[in-house]
Amino acid sequence: MPNKYTCSNGERVSQAVIDRRRSEAYRELYEGEPHPRCEGCGSPAQCSSHLIPQKVAKDNGITQLCWSKENIVPSCYRCNSILESYKSKEVKGLFCYERLLAVTKKYLPERYRLMTL
């Protein structure tokens, strides 16, 4: 039996459902935007980042953030890496830092508190 991950509304979803919904979100986000810019530094985006990492979302019962457009930003590899390690000093220099704080405060207040110490 495949693992199921919990959303904040109680829905339990498989990794296959997460993958499908995330792909749909990417398609909607980037439709008509052939060359998105990294929201961390402004350079050409090479990937997408999750402000709250997918593993953290799954571990905290807010799996819907894996496909939430509120939580996804176009990114370069460097900024993606910085977002993954939110305690680094570099994270405060990202253009999307205020958005990162807002999303984190909304869904994970304790993580937000640690970020703003």
# chains A, B, ... in the order shown; residues from 1 in each chain; ligands from 1
$ residues_around --residues "Ser43 (chain A)" --least-positions-apart "3" --cutoff "8 Å" --atoms "only C-alpha atoms" --output "PyMOL selection string"
chain A and resi 37-38+76
$ select_by_dssp --residues "chain A" --states "strand (DSSP E or B)" --output "list of chain:residue names"
A:Lys4, A:Tyr5, A:Thr6, A:Arg12, A:Val13, A:Ser14, A:Arg37, A:Pro44, A:Cys47, A:Ser48, A:Ser49, A:His50, A:Ile72, A:Val73, A:Pro74, A:Ser75
$ write_last_selection --atoms "C-alpha atoms" --output "compact mmCIF listing (two decimals), in the first residue's frame"
# COMPACT_ATOMS: atom_id res chain seq x y z
CA LYS A 4 -0.53 8.65 1.92
CA TYR A 5 0.11 12.21 2.98
CA THR A 6 -2.35 14.40 4.84
CA ARG A 12 -5.05 11.87 2.26
CA VAL A 13 -3.20 11.73 -1.04
CA SER A 14 -0.61 9.46 -2.62
CA ARG A 37 12.84 34.88 -13.93
CA PRO A 44 16.72 33.14 -15.67
CA CYS A 47 13.55 25.15 -11.89
CA SER A 48 10.77 25.75 -9.40
CA SER A 49 11.22 26.10 -5.66
CA HIS A 50 8.79 25.57 -2.85
CA ILE A 72 5.82 27.76 -5.68
CA VAL A 73 8.27 30.23 -7.19
CA PRO A 74 10.40 30.08 -10.34
CA SER A 75 14.00 29.74 -9.26
$ closest_residue --among "A:Ser81, A:Thr104, A:Gln64, A:Thr116" --to "Ile52 (chain A)" --atoms "only C-alpha atoms"
A:Thr104
$ closest_residue --among "A:Leu51, A:Ala25, A:Val56, A:Leu65" --to "Ala102 (chain A)" --atoms "only C-alpha atoms"
A:Leu51
$ closest_residue --among "A:Glu31, A:Glu39, A:Trp67, A:Cys96" --to "Val17 (chain A)" --atoms "only C-alpha atoms"
A:Trp67
$ closest_residue --among "A:Leu108, A:Met115, A:Ala16, A:Val91" --to "Ile62 (chain A)" --atoms "only C-alpha atoms"
A:Leu108
$ residues_around --residues "Lys87 (chain A)" --least-positions-apart "5" --cutoff "10 Å" --atoms "only C-alpha atoms" --output "list in words"
Ile82, Lys92, Arg111, Leu114, Met115, Thr116 and Leu117 of chain A
$ write_last_selection --atoms "C-alpha atoms" --output "CSV table (one decimal), in the first residue's frame"
chain,number,residue,atom,x,y,z
A,82,ILE,CA,19.2,28.7,-0.4
A,92,LYS,CA,17.5,37.2,3.8
A,111,ARG,CA,9.2,27.8,11.7
A,114,LEU,CA,12.8,30.5,14.2
A,115,MET,CA,13.4,32.3,10.9
A,116,THR,CA,13.0,35.7,12.5
A,117,LEU,CA,15.1,35.2,15.6
$ residues_around --residues "Phe95 (chain A)" --least-positions-apart "2" --cutoff "7 Å" --atoms "only C-alpha atoms" --output "list in words"
Glu39, Gly40, Cys41, Gly93 and Tyr97 of chain A
$ write_last_selection --atoms "N, CA, C and O atoms" --output "short mmCIF file (atom, residue, chain, number, x, y, z; two decimals), in the first residue's frame"
data_model
loop_
_atom_site.label_atom_id
_atom_site.label_comp_id
_atom_site.auth_asym_id
_atom_site.auth_seq_id
_atom_site.Cartn_x
_atom_site.Cartn_y
_atom_site.Cartn_z
N GLU A 39 12.68 34.21 -8.78
CA GLU A 39 12.13 35.17 -7.81
C GLU A 39 13.08 35.42 -6.65
O GLU A 39 12.82 36.25 -5.80
N GLY A 40 14.21 34.71 -6.64
CA GLY A 40 15.21 34.94 -5.60
C GLY A 40 16.23 35.98 -5.99
O GLY A 40 16.62 36.81 -5.18
N CYS A 41 16.66 35.95 -7.29
CA CYS A 41 17.73 36.87 -7.71
C CYS A 41 17.46 37.58 -9.02
O CYS A 41 18.19 38.50 -9.38
N GLY A 93 18.70 37.71 1.73
CA GLY A 93 19.03 38.51 0.56
C GLY A 93 18.20 38.19 -0.67
O GLY A 93 18.31 38.87 -1.68
N TYR A 97 12.16 37.00 -0.17
CA TYR A 97 12.25 36.76 1.26
C TYR A 97 10.96 37.14 2.00
O TYR A 97 10.48 36.38 2.84
#
$ closest_residue --among "A:Gln46, A:Lys58, A:Leu29, A:Pro36" --to "Gln15 (chain A)" --atoms "only C-alpha atoms"
A:Lys58
$ atom_distance --atom1 "CA of Tyr30 (chain A)" --atom2 "CA of Cys7 (chain A)"
24.4 Å
$ closest_residue --among "A:Ser8, A:Leu94, A:Gly32, A:Lys55" --to "Tyr107 (chain A)" --atoms "only C-alpha atoms"
A:Ser8
$ select_by_dssp --residues "chain A" --states "alpha helix (DSSP H)" --output "count of residues only"
48
$ atom_distance --atom1 "CA of Arg22 (chain A)" --atom2 "CA of Pro109 (chain A)"
24.0 Å
